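First the structure, in the form of structure tokens, and then the observations on it.
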2 protein chains.
Amino acid sequence: MDNSLFLKACRRELTERTPIWIMRQAGRYLPEYQAIRKKTDFMTLCKTPELASEVTVQPIDIIGVDAAILFSDILVIPEAMGMGLEIIESRGPVFSDPLRSTRDLDRLQIEGVTERLGYVVEAIKMTNEKLAGRVPLIGFSGAPWTLATYMIEGGSSKNFDRAKGMMYAEPEAMHRLLQILADAVIEYLNAKIEAGCHAVQIFDTWAGVLAPNDLEEFSLRYIDYICANLKTGGAPVIVFAKGMRSYKRISEMDCDVIGVDWVSDLGKVKQEIGDSKALQGNLDPCVLLAPQTVLEREVKRILDAYGDGPGHIFNLGHGILPPTPVENAKFLVSCVKELSIKQHKTVI
Amino acid sequence: MDNSLFLKACRRELTERTPIWIMRQAGRYLPEYQAIRKKTDFMTLCKTPELASEVTVQPIDIIGVDAAILFSDILVIPEAMGMGLEIIESRGPVFSDPLRSTRDLDRLQIEGVTERLGYVVEAIKMTNEKLAGRVPLIGFSGAPWTLATYMIEGGSSKNFDRAKGMMYAEPEAMHRLLQILADAVIEYLNAKIEAGCHAVQIFDTWAGVLAPNDLEEFSLRYIDYICANLKTGGAPVIVFAKGMRSYKRISEMDCDVIGVDWVSDLGKVKQEIGDSKALQGNLDPCVLLAPQTVLEREVKRILDAYGDGPGHIFNLGHGILPPTPVENAKFLVSCVKELSIKQHKTVI
């Protein structure tokens, strides 16, 4: 497994071509996924190892990606802390009783979170059985700031005024919450690695809504803390914080791969951070809705932007969109495989 | 009027303190505005010069900002092209019959747009009478890309997949639409300047959702074209494109001021672009919901980030939020006035 394209690229070793996986690759764009979701609600799917492992493996068989990512949701951590979670198709995740004050933090059931997430350990074992060594398995977690926004806002948000409100009015409470979450994330990701995940990714989807000082104080500092305290046993750590204006700070963390959204130029990020980390990204998910000639052109543009040298993992700059045609997802994977072989040949 | 703090700062001349105005300063956070909106729907308010001028002047009297901005909406241009527009409080702007194909472009009534926007000229004259030379008046327009997203999506969007879909699948149609809009924006802003606006601002609210090449091709190129073709007669031009990773390209345009969102560091932007342009920004609008001690600290942080030298116009990094307490808006204005006098004194 250590010689898989994906893990080699994470370690910035030379590979014969660029590996690819797709954020949310086990998801609504796949009819095979929808068939299972018709019979099961989202949270039950997350909590049923037999089903979670089944949908995790689907995109390996169907579109041919080079890594699997365990089907789950970032909000299983707050849910395991006792916050009632509903996933409403039209509205996204909803916490019926969000955190609104310091006192609300006392409701959180901090002890035994990883035990209550035992279904994940089970799902990892079943997934690795199904994968039978074909590709590595990635485990993921939300980052503290992003988790906190959902727990405080009660769901998706436009302006994040409640989360930022607590951040500004009760910074101690916010830090207490973020520290609770950071410790839970460490324990959770450690358990995932121990159960058989070959790499882990930390998602800070909403880092990009913070002003520079707030970004450091309420988001990046906690990701840094997580990276510094994981027991990886050699499993690569991917940090994906969306909306970064600079990747310098993340490049100084104890991680292996930096996820890059589609708004940044991969070549410029590479230039900014030097050779310290592998980069993952960064196609605009909307390109998958475009004609295949455009898709091919944009894949080429990204491979060219990264240019020569090892350490590129192809991915989207955010999750795949539900209206994506499956044939375009397949075409993307084959494009990356074919075009990057040519590129790597000219290098080797 | 040419000696007003705001216009001097736009021209990067020394001022005794930093001028301030606030995006959406005439808006829902003001009870005086709400009193008028109770009797009038949003579009009628835009189209009734007596009322539009009244709400434009409100924040000058109530919170003491250094410039007025004519109350209007960026979507008056597509509306004047014959697209039926409704502003629904809970959903934002809605076009009942959005553009979905090349053929739909033929529906747009391109001739006579500025004539149909005659109510704006009237409102500018009435506003200047009411202002009686106290502060300069800014006129604004949406940028072509942002206007196009609303016209194609039919309203606000999460992923912009329809607008990007047209961009990728029918780039010629998209360019045709953007060129139509760019020409309309030029004529519209020229008419505003001629009617008495002392400065104009171009808003590209959704520029930040585009990948680097698309940003240049479908957004910035058209802003550049507008800047190059305005007949300003000396009126400063402000370009505010939200979500920029770099301000270099905008700094090369024929504009005077660059608006900066709250995610960028003002000092770093100043460093990146050199002394070529004034900068406007960039407080996170959510800070106005925070305790006043925090508000004061953050104002100081932004004044310090800009540092010495002329050419800073204080503003938020995006529009003021409806739940903002009026006393906090007042406090912000007085903070900027007092703290920046101290700073400018140490310089002069």
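Going by the structure tokens order, chains are called A, B, ..., each with residues numbered from 1, while ligands are numbered from 1 in the order shown.
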Hey, which bits of chain B sit within 8 Å of chain A, and for each residue what's the closest pair of atoms and how far apart in Å (one decimal), counting only C-alpha atoms, rows by chain and increasing number, as a tab-separated table?
```
residue	atom	partner	partner_atom	distance
B:Asn159	CA	A:Cys286	CA	7.7
B:Phe160	CA	A:Cys286	CA	8.0
B:Asp161	CA	A:Cys286	CA	5.7
B:Lys164	CA	A:Cys286	CA	6.6
B:Gly165	CA	A:Ala290	CA	6.0
B:Tyr168	CA	A:Ala290	CA	5.6
B:Ala169	CA	A:Ala290	CA	5.7
B:Gly208	CA	A:Val263	CA	7.2
B:Val209	CA	A:Val263	CA	6.7
B:Leu210	CA	A:Val263	CA	6.0
B:Ala211	CA	A:Val263	CA	4.4
B:Pro212	CA	A:Val263	CA	6.1
B:Arg245	CA	A:Arg245	CA	5.3
B:Trp262	CA	A:Ala211	CA	5.5
B:Val263	CA	A:Ala211	CA	4.4
B:Ser264	CA	A:Pro212	CA	6.7
B:Asp265	CA	A:Pro212	CA	6.3
B:Asp284	CA	A:Ala211	CA	6.8
B:Cys286	CA	A:Asp161	CA	5.7
B:Val287	CA	A:Tyr168	CA	7.3
B:Leu289	CA	A:Gly165	CA	6.4
B:Ala290	CA	A:Tyr168	CA	5.6
B:Pro291	CA	A:Ala169	CA	6.0
B:Val294	CA	A:Tyr168	CA	6.7
```
Expected file contents, prior selection, N, CA and C atoms, as a compact mmCIF listing (two decimals), in the first residue's frame:
```
# COMPACT_ATOMS: atom_id res chain seq x y z
N ASN B 159 -23.39 28.01 -5.81
CA ASN B 159 -22.25 27.49 -6.57
C ASN B 159 -22.06 28.16 -7.93
N PHE B 160 -23.01 28.99 -8.34
CA PHE B 160 -22.92 29.69 -9.63
C PHE B 160 -22.78 28.70 -10.79
N ASP B 161 -23.42 27.53 -10.66
CA ASP B 161 -23.22 26.52 -11.68
C ASP B 161 -23.90 26.86 -13.00
N LYS B 164 -21.62 29.74 -14.56
CA LYS B 164 -20.38 29.14 -15.04
C LYS B 164 -20.66 28.13 -16.15
N GLY B 165 -21.82 27.50 -16.08
CA GLY B 165 -22.21 26.57 -17.14
C GLY B 165 -22.24 27.29 -18.48
N TYR B 168 -18.69 28.24 -19.62
CA TYR B 168 -17.88 27.15 -20.17
C TYR B 168 -18.47 26.59 -21.46
N ALA B 169 -19.81 26.47 -21.50
CA ALA B 169 -20.42 25.81 -22.67
C ALA B 169 -20.63 26.78 -23.82
N GLY B 208 -14.87 36.82 -6.87
CA GLY B 208 -14.05 35.89 -6.09
C GLY B 208 -14.44 34.42 -6.23
N VAL B 209 -15.46 34.11 -7.02
CA VAL B 209 -15.81 32.70 -7.20
C VAL B 209 -15.17 32.12 -8.45
N LEU B 210 -14.39 32.92 -9.16
CA LEU B 210 -13.81 32.47 -10.43
C LEU B 210 -12.36 32.01 -10.28
N ALA B 211 -12.01 30.96 -11.00
CA ALA B 211 -10.63 30.49 -11.09
C ALA B 211 -9.79 31.53 -11.84
N PRO B 212 -8.46 31.54 -11.60
CA PRO B 212 -7.62 32.64 -12.09
C PRO B 212 -7.84 33.03 -13.56
N ARG B 245 -7.37 37.33 -4.65
CA ARG B 245 -6.17 36.77 -4.04
C ARG B 245 -4.98 37.71 -4.26
N TRP B 262 -12.59 42.22 3.82
CA TRP B 262 -11.98 42.10 5.14
C TRP B 262 -11.02 40.92 5.28
N VAL B 263 -11.00 40.05 4.28
CA VAL B 263 -10.15 38.86 4.40
C VAL B 263 -8.69 39.19 4.07
N SER B 264 -8.50 40.24 3.28
CA SER B 264 -7.13 40.66 2.95
C SER B 264 -6.57 41.56 4.04
N ASP B 265 -5.26 41.57 4.18
CA ASP B 265 -4.59 42.49 5.09
C ASP B 265 -4.27 43.77 4.32
N ASP B 284 -14.37 43.82 8.89
CA ASP B 284 -15.39 42.76 8.81
C ASP B 284 -16.73 43.32 9.31
N CYS B 286 -19.16 42.02 10.52
CA CYS B 286 -19.60 41.38 11.77
C CYS B 286 -19.03 42.05 13.01
N VAL B 287 -17.93 42.79 12.86
CA VAL B 287 -17.35 43.48 14.02
C VAL B 287 -18.34 44.52 14.56
N LEU B 289 -21.27 44.05 15.18
CA LEU B 289 -22.18 43.37 16.12
C LEU B 289 -21.48 43.09 17.44
N ALA B 290 -20.20 43.43 17.51
CA ALA B 290 -19.39 43.11 18.70
C ALA B 290 -19.47 44.23 19.73
N PRO B 291 -18.99 43.96 20.95
CA PRO B 291 -18.90 45.03 21.95
C PRO B 291 -18.02 46.18 21.43
N VAL B 294 -14.22 45.93 21.42
CA VAL B 294 -13.67 45.13 20.32
C VAL B 294 -13.67 45.95 19.02
```
query = Skipping near chain neighbours, those fewer than 3 positions away, what residues fall within 12 Å of Glu79 of chain A using only C-alpha atoms, listed as a PyMOL selection string?
reply = chain A and resi 43+46-47+73-76+82-87+93-98+108-110+113-114+116-117+147+150-151+181
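For the residues B:Gly154, B:Pro171, B:Gly234, B:Gly139, ranking by smallest atom-to-atom distance to Thr127 of chain B using only C-alpha atoms places B:Gly139 first.
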